Each structure stands twice: as structure tokens, then as C-alpha cells.
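Encoded as C-alpha cells, the structure appears first; notes follow it.
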Amino acid sequence: MKSQIKRTFSNFFFEYETPRQVLVRNKRVAVVCRIIQMGVLAYIIGWVFMYEKGYQIVDIAISSIFTKMKGVSFTNISEKERIWDAADYVFPEQGDSSFVVMTNYIATVGQKQDKCPELPDGKNKCTSDAHCDEGKYKRHMTGRCINDTSTCEIYSWCPVEDDRKIPDPPVLLTAENYTLFIKNSITFRQFNVVRSNLVESVNQSYINTCLYHPKTDPLCPIFRLGDIVERSGFSFSEIARVGGAIGVLIDWDCNLDLSIRHCKPKYEFYGLYGTGKNEDKEEKPSLGYNFRYAKYYVENGVEKRTLMKVFGVRIDIIVHGRAGKFDIIPTLTAIGSGVGIFGVATVVCDMLLLYLVSKRDFYKNMKFKHTEIGEEKPTLPQSKTERDLPKE
Amino acid sequence: MKSQIKRTFSNFFFEYETPRQVLVRNKRVAVVCRIIQMGVLAYIIGWVFMYEKGYQIVDIAISSIFTKMKGVSFTNISEKERIWDAADYVFPEQGDSSFVVMTNYIATVGQKQDKCPELPDGKNKCTSDAHCDEGKYKRHMTGRCINDTSTCEIYSWCPVEDDRKIPDPPVLLTAENYTLFIKNSITFRQFNVVRSNLVESVNQSYINTCLYHPKTDPLCPIFRLGDIVERSGFSFSEIARVGGAIGVLIDWDCNLDLSIRHCKPKYEFYGLYGTGKNEDKEEKPSLGYNFRYAKYYVENGVEKRTLMKVFGVRIDIIVHGRAGKFDIIPTLTAIGSGVGIFGVATVVCDMLLLYLVSKRDFYKNMKFKHTEIGEEKPTLPQSKTERDLPKE
Amino acid sequence: MKSQIKRTFSNFFFEYETPRQVLVRNKRVAVVCRIIQMGVLAYIIGWVFMYEKGYQIVDIAISSIFTKMKGVSFTNISEKERIWDAADYVFPEQGDSSFVVMTNYIATVGQKQDKCPELPDGKNKCTSDAHCDEGKYKRHMTGRCINDTSTCEIYSWCPVEDDRKIPDPPVLLTAENYTLFIKNSITFRQFNVVRSNLVESVNQSYINTCLYHPKTDPLCPIFRLGDIVERSGFSFSEIARVGGAIGVLIDWDCNLDLSIRHCKPKYEFYGLYGTGKNEDKEEKPSLGYNFRYAKYYVENGVEKRTLMKVFGVRIDIIVHGRAGKFDIIPTLTAIGSGVGIFGVATVVCDMLLLYLVSKRDFYKNMKFKHTEIGEEKPTLPQSKTERDLPKE
């Protein structure tokens with residue numbers, strides 16, 4: 001028993017099996033087969049390894065963004081001069097990755113809680129109090145019909161906002177010249193790499209003077225609002241009037257097998273819900289971007305508010321960070337898959353050989369050995385034959 | 001030398017090797033083996049390719065969201081009628097993907113910087129000034145004990161907020177009828193596809209009238225707040241009182257091998273920190289959602305503020321976008337792995353044949369050829385035998 | 001014809017092919033080969049399966065965050081005592097995952113739309129009106145030079161903000177003692193698992209008293225602001241003065257093959273744009289964090305605002321959730337790749353055998369069978385030989 005274990009063990013260790021093969025001297029099959037195999041090899045090396053970098057492990061960045069708008073607008077509406085600075089036109093104010101730059105607005109100054117007639121919109125005409133059912137859902141009516149406007153009286157912040165006409169040209173058309181400063185920090189946790197969009201060549205003195213341009217200043221983190229809008233396919237005067245949403249994509253595609261200095265951001269701009277330029281308005285409903293906000297104050301003990309319907313450019317900064325680095329696991333997985341595909345190549349070649357070549361029977365006999373008579377008569381001589389052959 | 005290279009080269013190109021195989025005629029082993037192989041094949045084709053779409057490359061969407069609440073509430077608190085519109089009850093106002101809809105509040109009107117007694121909460125009683133140590137950490141005390149309230153006097157925004165009792169029923173219970181409009185744009189960069197949740201069938205006229213319903217209107221981007229709350233498992237009256245957080249998931253699972261028209265969003269709703277319905281309050285502490293904010297104003301040269309403790313429904317809109325498209329690399333990787341698994345099947349079959357079948361010795365002899373005498377005596381005749389055989 | 005199909009079919013089912021192999025008794029080759037194979041096996045089992053958990057399918061969490069700051073600061077600036085609570089110092093107020101805690105500020109009280117001289121900054125001196133060209137881009141000048149300040153008069157919110165000197169020490173240095181409460185809910189959709197950072201051991205009574213400490217209280221969701229700042233590598237007094245950005249990473253790495261109770265968050269803190277401690281100021285420009293916001297009010301019918309230049313700690317809470325669970329597909333893919341790599345091992349062994357061993361010709365003859373005379377003369381006897389052998 002012990003000796004048998006020993007023998008099995010020594011057999012396992014000192015003997016190794018390797019498949020027996022036929023070397024087929026058939027030009028056509030061989031050439032086709034070599035071409036297939038070299039194609040597979042080229043694919044594995046060229047595509048999987050070189051192009052797709054299949055030997056790399058990939059990490060997705062976690063990122064943080066800080067933004068700052070700069071610029072001042074001057075308006076002169078009905079003889080009232082007014083200056084707008086960043087604290088006035090950016091929402092929210094604290095430098096988020098998603099924010100709105102006001103370019104147009106409808107202000108309703110001095111609203112207070114009161115009763116006042118609805119705005120006539122062509123559909124809500126009334127001629128007597130009977131038309132003004134109290135307590136309807138959307139508007140809270142008092143039940144009276146006001147003769148002056150031929151509309152029902154409602155409880156509301158009064159006077160009611162009149163947003164039937166959007167100012168044209170937009171009030172803050174000079175917003176085109178505002179600049180946006182973006183600070184972006186990304187972290188590849190798996191590789192313990194932290195990186196900022198203020199890369200090596202972007203120092204303080206460069207930041208003070210530069211302005212982003214895809215060709216001449218592709219790394220400058222300061223963007224002119226008008227440029228962002230134009231590059232995303234909008235026309236500034238149109239987006240300034242009704243509003244719109246723009247995505248700013250910061251794309252990091254880093255190969256950490258190279259120096260970290262080559263890991264640089266790329267900026268891209270695109271319109272988020274159609275750019276308003278194509279004519280398929282039916283396909284892209286709900287263009288424009290607006291929201292309302294209120295500035296509250298108290299005057300003579302009465303709470304009032306200034307309601308602003310703000311039209312503006314909403315900017316969503318999106319970071320897409322991806323880094324690759326050599327790692328043994330994906331490398332071996334890729335090699336393993338490659339060997340598998342090599343196996344497919346062999347199968348294809350064999351089919352060629354066994355089914356398409358004229359002398360296929362000959363090759364079949366070379367390749368296969370039969371246990372001739374099946375399982376019924378495995379005679380000892382048969383089994384002995386092959387074994388004895390070398391001793392013949 | 002040159003001719004040898006030439007021969008090696010021609011050998012490589014005009015000769016190809018294919019493994020020699022034994023065809024084993026053993027019904028039991030063969031049937032088991034074929035079943036295993038067909039199982040592997042079925043798995044590779046059925047599961048990896050058809051179900052998991054292993055032939056596709058996958059991209060994760062980057063997305064942008066814009067939201068807009070609509071609806072008006074009317075309150076009548078101690079004879080004071082008041083209207084609440086979106087500018088009053090949505091935080092923040094600019095249409096973010098994460099926002100709060102106020103449903104209840106505790107307002108402390110006209111706070112100013114002053115000295116006033118602490119609110120008695122059962123633990124902070126004082127009977128003499130000695131109990132009121134000046135400069136304690138959390139409250140900044142003046143050092144006096146006020147007799148009226150039996151609490152210490154503190155520096156604070158006065159009067160101090162009294163949030164010991166949450167209004168019940170919630171003040172803005174009609175918030176149930178507000179509607180939420182969601183605009184969502186997703187981008188699959190790898191495939192250069194941009195898509196909005198306003199898909200082909202959702203045109204302007206449909207948006208004007210529709211309301212989301214999972215069965216009848218699954219693509220309508222307008223949601224009733226009450227519906228969102230109920231579908232996520234909360235009871236509206238409860239969440240309206242103490243607040244709560246709800247996730248709205250927009251799920252895109254697109255197969256870009258089909259027409260882009262089939263790439264549609266699916267909306268799901270779920271409670272984020274327990275729905276408050278199960279009784280395991282001990283397990284899920286800190287239910288409810290509230291925050292404070294202040295509206296500042298100046299009255300008679302004194303800065304004042306109205307402090308609002310806001311209870312509300314916080315809605316987090318989360319986009320989960322995934323698109324697959326045919327690509328040669330994952331296809332070949334899947335095939336490669338499949339061939340590898342086929343190899344496993346062969347190994348299993350061989351074990352069956354060589355260890356479990358009664359005539360295993362016979363099959364062993366068929367399959368293996370020994371280099372009998374080991375490495376000591378490789379005699380020429382031996383090696384010649386096999387080679388000469390065909391010429392016999 | 002029919003019988004032929006039948007025979008093919010029965011052949012396919014009752015016959016199976018297995019490769020013929022040579023058992024090579026060559027100690028050196030066999031040992032090397034076995035070591036390589038065992039290395040591959042160890043790699044597949046140890047690394048791919050045990051360490052990298054290659055048998056698991058992975059899902060990335062979608063998450064939702066709610067934050068709440070607590071704490072009060074007391075300031076006494078030029079005899080004016082003032083209390084700051086969370087509603088005063090947190091931006092935005094509604095408990096977002098990204099927010100700013102004000103630690104220092106420059107307030108410009110009572111600004112109104114007016115004309116006033118620019119702030120002298122050393123570069124904008126004027127001696128006559130001629131220096132003050134009207135309508136320049138950044139500032140909107142009236143065209144007058146003011147003698148008192150020797151600067152041009154501009155349209156602006158007046159008085160102009162004077163931010164030449166940042167208060168030192170920072171006004172709200174006691175912000176160090178504020179506490180931050182983080183509520184985080186994550187969802188692994190693929191596994192239908194929802195989990196909150198208030199795990200089993202974190203109950204209401206624990207929350208009321210605990211404070212996060214990486215060693216003693218690693219699961220407490222309440223953090224002291226000063227601790228966060230110190231742990232991320234900043235000095236609090238410095239960050240409080242000029243501002244800075246900190247990332248709080250909540251890391252979930254869950255093995256769902258184990259009990260869900262082992263799925264716990266880990267908190268990490270790091271400075272986002274350099275911590276200001278290393279001396280490479282040139283490399284990391286634009287340290288600090290500040291933004292401006294305005295509190296608007298109306299006084300005697302005139303709109304005014306208090307402009308705040310806020311310096312503060314910006315905290316970005318980032319969730320990195322990843323869960324693995326056993327799944328048959330990655331398991332089989334890993335096995336498949338493993339078998340592929342095994343194939344590589346065999347190829348290496350064969351090369352050893354056929355090219356490096358002294359008796360390589362002998363082994364070559366054992367392994368390969370030639371179709372000697374090439375494709376020209378495939379004679380029947382030749383093909384018959386192998387077939388007839390068993391019957392010899």
C-alpha cells in the first residue's frame with residue numbers, strides 16, 4: 001500500500017504528460033491555419049494589449065469640484081442703473097459643481113400676502129362671481145370676480161407675477177463676458193493618487209492671465225461663459241433669453257504606467273437637452289431653463305418678498321476620471337482568454353482538415369485511433385499492441 | 001545554416017500540428033461526457049451570451065437632472081391667511097437633483113441678537129445665578145438666572161426657538177398635491193449617445209396633461225408628491241409631520257444593438273432611512289428630516305431674522321444608466337473563457353474514463369504512450385519505431 | 001442516407017475523443033513542469049479566488065447623504081456681541097453632502113446701488129478724469145476721478161467691499177468644536193440590499209453621547225469639525241482663516257457572502273487641494289476657499305444688501321460603496337481563464353522538452369507523427385497502418 005502511494009507520488013512528480021500530435025504536411029491547410037493563428041496572436045497583442053491596455057487594472061476617480069464666477073453686469077432699466085455681481089447672479093452661491101448663472105429675469109417687487117385678481121391668460125375669464133368657485137385646487141379663490149380685469153380674485157402673493165412676456169433682448173446679455181474658474185481634484189484610491197486640474201504647467205502667474213482655448217490654452221481652468229455656450233452648440237443670445245443647460249465634462253484618462261505629469265484633464269462642452277438649433281421642437285419639448293426664487297424682507301412690519309423668475313445658463317460640471325495601471329491579474333486573464341481563443345483557431349483548422357480537404361480520410365486516420373470493436377471486446381492483445389510497439 | 005533557417009521557416013508555414021486523439025467507444029462515458037459538454041455549451045450560449053449579454057461592452061451614463069415643483073398651499077393660522085408657492089417651499093430653489101419640499105415648520109419670527117432665558121427642557125433648571133456658569137460650551141450664558149422661567153439667561157438670537165412641539169397635523173398637508181417635473185439627460189460617452197427622459201412618445205401636449213402612473217403612464221415625467229411618498233412605503237401624513245428622505249431612481253438599461261427608441265427610463269421610489277412603518281425603531285434611529293434656515297432682514301436699523309425649522313420630504317434623484325453594445329473584445333473574451341471551460345469538461349470526462357470505468361487500464365493504454373525505460377536508455381530503434389510505422 | 005445520419009448521430013453520442021498523450025519520464029522536465037503548474041494553480045486559487053474574490057460579482061452602491069451641523073459661536077467685535085448658530089454659518093442650509101462651514105468672513109453692511117470710488121489696490125491710481133475711461137469691461141466707471149482716494153468712481157454696490165486684509169485670527173475660531181452628524185444610506189440594487197451607516201451597534205442612546213474616533217468609536221456618525229480638519233492634514237487655525245476643502249470618504253467594502261452585519265462603513269479624511277503644509281506653493285496655486293453671498297433687505301424703500309465674503313471649510317462627503325457576492329458567471333470565467341493559463345504552462349513545458357533537453361530528438365519522435373511524404377503520396381497502406389495496428 002505504502003509503496004503504491006509512493007509510486008503514484010513519484011509518477012506524478014517525475015512523469016509529465018504532453019499531447020501527441022500529428023504534423024500535417026498540407027500546404028493549403030497549414031497556411032490557412034497559420035494565418036488564423038497569427039491573426040489571433042495579432043489581435044491579442046495588438047488590440048487587447050496595446051490598444052485596450054488589457055494588462056492594466058482600472059480605477060474610476062472620485063472627485064471634488066469648486067467653481068467661481070467673476071464679472072460684473074450693468075443694466076439701465078427705466079432710468080434705474082444697476083450693477084450685478086457674482087453674489088447677485090449665481091445660484092447657489094457657494095461654488096458647487098452644478099449652478100445657474102442668471103442671464104434674464106422677471107422681477108416682481110414688493111409682493112405681500114393679499115387678495116388680488118388673477119392674471120388674464122385668455123382662458124380664465126369671468127363675468128360674475130359664480131364663475132369663481134371658492135377653494136379650487138391650483139388657485140385659492142375668494143369667490144369674487146373683479147370687473148377691471150374680468151378675472152377671479154385669489155389669495156396670493158400680490159401683485160401676481162406677470163411672466164407672459166420674457167424680456168428680449170435678455171437683461172444681462174453681457175453675461176457673455178463672465179469668466180468661470182474651475183478647481184477640480186480627483187483621487188484614484190486604488191493607486192493612491194491625488195491630482196488636481198491645476199497641473200504642473202498651470203501656476204499662479206499663468207492663471208492670472210490665461211483664458212481657456214482648446215488649441216492654445218487647453219489646460220487653463222478659466223473659461224469665458226460665452227465660449228462655453230458657443231462650444232456646446234447654443235447661440236448665446238437665445239440661451240440668455242430663455243435659459244438652457246450645459247454640461248462641462250472634465251475628462252481624465254490617465255495611464256499611470258507613465259509619469260503622473262501626463263495625466264491631464266480634457267474639457268468638453270455639450271448642450272444637455274438639445275441646443276435649440278435643430279428644428280425638431282416636437283421631439284425636444286421643454287427647452288429653456290428657469291426657476292423662481294424669492295428675496296424676503298419686512299417693511300413696516302409686513303413680510304414682503306421680491307419674486308424673481310430667473311432664466312439662466314445652468315452649468316453641470318461632470319468629471320469622468322479613469323486611470324489604468326499594470327497589474328498581474330488582468331494580464332493573466334487576458335493571456336488566459338487569448339490561449340482559449342487559440343484553441344478556437346485549432347478547432348477551426350481541424351474542421352478544415354477533416355471535412356474540407358480531399359484526402360480527409362487519410363488525415364482522419366492519422367489523427368484518430370479507434371477502440372475498434374467498442375466496449376464489448378477489449379482484448380488484451382489490442383491494449384498491449386500500442387504499449388509494446390516501442391519494444392518491437 | 002541558411003538552408004536550415006529556410007527549412008524551419010517552411011516547416012512552420014507548410015506543416016501544422018493537430019493533437020492525436022483516441023475515439024473511445026464507451027456508451028456510458030461518452031453520453032455523460034456529451035451531456036457535460038452540451039451543458040457547458042448551453043451555459044456559454046444561453047447564459048453568458050443571451051442572458052448576460054457577454055458579447056456587449058458596457059458604458060455607465062453620466063447624467064444631468066433638472067427638477068421643478070408646482071403647486072400652491074393655503075394656510076390659515078390664527079386668522080392669518082397665507083399662500084405658499086414653490087419659491088417658498090423648495091430648498092434649494094434652482095432645481096437640483098436633491099431638494100427638500102417643506103411640509104411642516106416651526107417659525108420663530110423677529111429674532112434678534114440679544115439676551116434671553118433658555119427654554120426650559122426639564123434638565124436646565126436654575127434657582128440662583130450660581131447655576132449659570134458663564135461661558136459654558138454649548139450655550140453662551142450671561143451668568144444670570146431668570147426667575148420667571150427658572151432657566152439661565154443666554155446670549156442668543158432672541159426669542160429662543162421653541163421646537164418642543166411639532167405642529168400636528170402638519171401645516172402644509174396639501175403638499176400632497178404638488179407635482180414634480182423631472183428632466184433627465186444622460187450621455188453614454190463611449191457610444192456617443194445622448195438621451196433625455198422626454199423620449200419620443202413624450203411630447204409637449206402629453207406633458208401638459210399627463211401624470212405618472214407605473215402602469216398607465218410609465219414615461220410621464222410629472223409626479224404627484226403624494227404618489228411618490230406612498231410608493232416609497234411612507235404614509236404621507238407621517239412624513240409630512242416629521243420629514244423623511246425618499247430616493248427616486250431613474251433606471252436606464254439600454255441595449256444599443258436595438259433601436260435607440262427602446263432605450264427608456266424606468267422610475268422607482270424607495271424610502272432612504274427606513275419608512276417608519278416597521279416597528280424596529282431601535283434599529284433605525286434618527287428618523288425624520290429637518291433643518292433650520294433663516295430669512296434675514298433689517299428693521300429700524302436692527303438685523304433680525306425669521307428662523308424656520310423646516311420639516312419636509314427630501315427627494316434624492318439618482319440616475320442609474322447602463323448601456324450595452326456589441327463589441328468584439330468582450331465577445332472574444334467570453335469565447336476564450338468558454339473554450340477554457342470546455343477544457344475543464346474534457347478533464348472531467350478523462351477522469352471518468354481513467355479512474356471510474358471498469359476497463360480503465362485498457363483506455364489508459366490507448367491514451368498514454370510511455371517512454372518506457374525512462375530517461376536512461378533512449379535507444380534509437382525505439383524512437384524509430386513510431387516514425388517508421390507508416391512505412392511498414 | 002438515413003442510416004448515415006443515424007450513424008453520425010450515434011457516433012457523436014456514443015463515442016468521445018480524448019487526446020492521446022505521451023508520459024515523459026524525465027525528472028528534470030517533469031519537476032519543472034509540475035512546479036509551473038502548481039504555481040499556476042496556486043495563483044488561481046490563492047490570488048484570483050481568495051484574495052481578489054474572483055468568484056464574486058460586484059455591485060457599486062448608489063447612495064444618499066444627509067448632514068447636520070451643530071454648535072454655536074460667540075463673537076465680540078467692536079463691542080458688538082453676536083451669536084452664530086447653524087442657520088448662520090452653514091451653506092447651503094438643507095443638509096447636502098457638500099457644504100461649507102463659515103469660519104471667517106468680511107462683512108460689508110448696507111451696500112446699495114450707487115456711485116463710489118474704487119478701492120485703491122496700488123494699480124488703479126488716477127490723477128484726472130481722463131484716466132477713468134467710461135464703460136471699461138470689468139468695472140463700470142462714471143468717468144470721474146475722486147481726489148480723496150485717487151481712484152476712479154464706479155457704479156457699484158456701495159460702499160465697495162474691502163477684502164485686502166483677511167481677519168486674523170479668524171472670527172469664528174470656535175468652529176473647531178462644532179459637530180457634524182452624517183446620515184448615509186446606500187443601496188446595492190443588484191443584490192437588493194439597503195444599508196445605513198447607523199448600523200446595528202449604533203442606536204439612539206449611543207448617538208446621543210458618542211464622538212467619532214478612528215480607534216475607540218469608528219462607527220459613531222458624529223464628528224468634531226476640528227478633528228476632521230486635523231485628520232485631513234490641515235492646521236485648523238490656518239484653514240479657518242483662508243478656507244480649504246476637505247473630502248470625507250465613507251468607504252463601504254462589503255462581502256455579502258457573509259452576514260450583512262459585517263458590512264460597515266469606514267471613514268477617511270483628506271485635504272482636497274493640498275493641505276497648505278508642504279512648501280510647494282508654486283505647484284499648488286489657488287489654496288484657500290471663499291465665496292461671496294448677499295443678504296438682501298429693503299430699508300426706507302431702498303434695496304440694500306449685506307455682502308459677506310465667506311471663508312470656510314468646505315466638506316465634500318463622498319461615498320465609495322462596493323459589494324461582492326458569489327455568482328456563477330465570474331466563477332466560471334475565472335476558471336476558464338485559469339485553464340487557459342494552464343495551457344500556457346503546458347506550452348512552456350513542451351518547449352523545455354523539445355528544445356532544451358539533450359534527448360530532445362527522442363521526445364520529438366514520441367510526441368509527433370509525421371505525414372511523411374507530404375501531400376503528394378498519401379497511400380492507402382499508410383493510412384491503414386495505424387488503423388490496423390490494434391488487430392495486428
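Letters A, B, ... go to the chains of the C-alpha cells in the order shown; residues in each chain start at 1; ligands are counted from 1 in the same order.
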Quick one: residues within 10 Å of Ile146 of chain C, only C-alpha atoms, excluding same-chain residues fewer than 3 positions away - as a short mmCIF file (atom, residue, chain, number, x, y, z; two decimals) with C-alpha atoms, in the first residue's frame?
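The result, written out as result.cif:
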data_model
loop_
_atom_site.label_atom_id
_atom_site.label_comp_id
_atom_site.auth_asym_id
_atom_site.auth_seq_id
_atom_site.Cartn_x
_atom_site.Cartn_y
_atom_site.Cartn_z
CA CYS C 116 -18.48 105.36 -5.23
CA PRO C 117 -14.73 105.38 -5.69
CA GLU C 118 -12.85 102.19 -6.38
CA LYS C 125 -4.46 105.22 -9.28
CA CYS C 126 -5.89 108.18 -11.21
CA THR C 127 -4.98 111.81 -11.17
CA SER C 128 -7.52 113.21 -13.58
CA ASP C 129 -10.84 112.19 -15.11
CA CYS C 132 -11.21 106.92 -15.95
CA GLY C 143 -15.71 108.87 -15.84
CA THR C 149 -8.86 108.16 -2.79
CA SER C 150 -7.13 108.93 -6.09
CA THR C 151 -9.24 106.26 -7.76
CA CYS C 152 -11.97 106.31 -10.38
CA GLU C 153 -15.61 106.48 -9.45
#
Distance cut-off 6 Å, counting only C-alpha atoms - which residues of chain A neighbour chain C? Return them as a PyMOL selection string. chain A and resi 13-26+83+87+93-94+204+297+333+336-337+339-340+362+365+382
Kindly export the residues of the current selection with N, CA and C atoms, as a CSV table (one decimal), in the first residue's frame.
chain,number,residue,atom,x,y,z
A,13,PHE,N,5.2,13.2,-9.9
A,13,PHE,CA,6.3,14.3,-9.9
A,13,PHE,C,7.3,14.1,-11.0
A,14,PHE,N,7.6,12.9,-11.4
A,14,PHE,CA,8.7,12.7,-12.3
A,14,PHE,C,8.3,12.4,-13.7
A,15,GLU,N,7.0,12.3,-13.9
A,15,GLU,CA,6.5,12.0,-15.2
A,15,GLU,C,5.5,13.1,-15.6
A,16,TYR,N,5.6,13.6,-16.9
A,16,TYR,CA,4.6,14.5,-17.2
A,16,TYR,C,4.0,14.2,-18.6
A,17,GLU,N,2.8,14.5,-18.7
A,17,GLU,CA,2.1,14.1,-20.0
A,17,GLU,C,2.1,15.3,-20.9
A,18,THR,N,2.3,15.0,-22.2
A,18,THR,CA,2.2,16.1,-23.2
A,18,THR,C,1.4,15.5,-24.4
A,19,PRO,N,0.6,16.2,-25.0
A,19,PRO,CA,-0.3,15.6,-26.0
A,19,PRO,C,0.6,15.2,-27.2
A,20,ARG,N,0.1,14.1,-27.8
A,20,ARG,CA,0.8,13.6,-29.0
A,20,ARG,C,0.1,14.3,-30.2
A,21,GLN,N,0.9,14.7,-31.2
A,21,GLN,CA,0.4,15.4,-32.3
A,21,GLN,C,0.8,14.9,-33.6
A,22,VAL,N,0.0,15.1,-34.6
A,22,VAL,CA,0.3,14.8,-36.0
A,22,VAL,C,0.8,16.1,-36.6
A,23,LEU,N,1.9,16.0,-37.3
A,23,LEU,CA,2.4,17.1,-38.1
A,23,LEU,C,1.8,16.9,-39.5
A,24,VAL,N,0.9,17.7,-39.9
A,24,VAL,CA,0.3,17.6,-41.2
A,24,VAL,C,1.0,18.4,-42.2
A,25,ARG,N,1.5,17.7,-43.2
A,25,ARG,CA,2.2,18.5,-44.3
A,25,ARG,C,1.2,18.7,-45.4
A,26,ASN,N,0.3,19.7,-45.2
A,26,ASN,CA,-0.6,20.0,-46.2
A,26,ASN,C,-0.6,21.5,-46.4
A,83,ILE,N,-26.0,97.5,-10.9
A,83,ILE,CA,-24.8,96.7,-11.1
A,83,ILE,C,-25.1,95.3,-10.6
A,87,ALA,N,-22.4,87.7,-6.5
A,87,ALA,CA,-23.3,87.4,-5.4
A,87,ALA,C,-24.8,87.6,-5.8
A,93,GLU,N,-24.7,80.1,-4.2
A,93,GLU,CA,-23.6,81.0,-4.1
A,93,GLU,C,-22.3,80.3,-3.8
A,94,GLN,N,-22.3,79.1,-3.2
A,94,GLN,CA,-21.1,78.6,-2.5
A,94,GLN,C,-20.1,77.8,-3.4
A,204,GLN,N,0.4,80.0,-10.6
A,204,GLN,CA,-0.3,81.2,-10.3
A,204,GLN,C,-0.3,82.3,-11.3
A,297,TYR,N,-38.3,90.2,2.8
A,297,TYR,CA,-37.9,91.3,3.7
A,297,TYR,C,-39.1,91.8,4.4
A,333,THR,N,-5.4,37.2,-17.0
A,333,THR,CA,-6.7,36.9,-17.5
A,333,THR,C,-6.8,37.1,-19.0
A,336,GLY,N,-4.9,34.2,-20.6
A,336,GLY,CA,-5.7,33.0,-20.5
A,336,GLY,C,-6.8,33.0,-21.5
A,337,SER,N,-7.5,34.1,-21.7
A,337,SER,CA,-8.5,34.2,-22.7
A,337,SER,C,-7.9,34.0,-24.1
A,339,VAL,N,-5.2,32.3,-24.9
A,339,VAL,CA,-5.0,30.9,-25.2
A,339,VAL,C,-6.2,30.2,-25.5
A,340,GLY,N,-7.3,30.5,-24.8
A,340,GLY,CA,-8.6,29.9,-25.1
A,340,GLY,C,-9.0,30.2,-26.6
A,362,PHE,N,-7.6,10.1,-45.0
A,362,PHE,CA,-6.2,9.9,-44.7
A,362,PHE,C,-5.8,10.6,-43.4
A,365,ASN,N,-7.4,9.2,-40.3
A,365,ASN,CA,-6.8,8.1,-39.7
A,365,ASN,C,-5.5,8.4,-39.0
A,382,GLN,N,-4.9,-6.2,-28.0
A,382,GLN,CA,-5.2,-4.9,-28.5
A,382,GLN,C,-4.5,-3.8,-27.7
Using only C-alpha atoms, the residue out of C:Val160, C:Leu225, C:Leu219, C:Ile5 with shortest distance to Thr103 of chain C is C:Leu225
From the list C:Gln111, C:Ser63, C:Ser205, C:Gln37, which residue is nearest Cys158 of chain C when using only C-alpha atoms?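 Result for the nearest residue to Cys158 of chain C: C:Gln111.
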Backbone-only DSSP, strand (DSSP E or B) members of segment 214-309 of chain B, as number ranges by chain: B: 217, 222-224, 244-255, 265-271, 290-299, 302-309
Exercise: segment 176-193 of chain C partners within 6 Å, only C-alpha atoms, chain neighbours under 5 positions left out, as a ChimeraX atom specification: /C:61-71,221-226
Can you list every residue in segment 121-258 of chain B that DSSP puts in helix (DSSP H, G or I), as a VMD selection string? chain B and resid 129 to 131 173 to 177 204 to 209 225 to 231 236 to 242
For Gly321 of chain A, which of A:Cys220, A:Cys263, A:Ile239, A:Val199 is the closest residue, counting only C-alpha atoms?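 That would be A:Cys263, the residue with the smallest distance to Gly321 of chain A.
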So what do you get for atom CA of Asn255 of chain B versus atom CA of Asp59 of chain A, distance-wise? 24.6 Å
Compare B:Tyr51, B:Phe234, B:Trp252, B:Phe326 by their minimum atom-to-atom distance to Phe269 of chain B, counting only C-alpha atoms, and give me the closest one.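 Residue with the minimum atom-to-atom distance to Phe269 of chain B: B:Phe234.
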For Leu173 of chain B, which residue among B:Glu238, B:Asp251, B:Asp257, B:Asp96 is the nearest when counting only C-alpha atoms?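 Between B:Glu238, B:Asp251, B:Asp257, B:Asp96, the residue approaching Leu173 of chain B most closely is B:Glu238.
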Do you know which residues are at most 10 Å from Asp162 of chain B counting only C-alpha atoms, after dropping those on the same chain fewer than 4 positions away, and could you put them as a compact mmCIF listing (two decimals) with C-alpha atoms, in the first residue's frame?
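Output below, filename result-v1.txt:
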# COMPACT_ATOMS: atom_id res chain seq x y z
CA ILE B 106 -41.82 75.98 13.24
CA ALA B 107 -41.30 79.67 12.56
CA THR B 108 -39.66 81.98 15.07
CA GLU B 118 -33.15 79.47 27.88
CA LEU B 119 -36.12 77.32 27.04
CA PRO B 120 -36.97 75.02 29.99
CA ASP B 121 -36.44 71.44 28.79
CA ILE B 166 -44.13 69.73 16.22
CA LYS B 309 -37.24 74.86 11.42
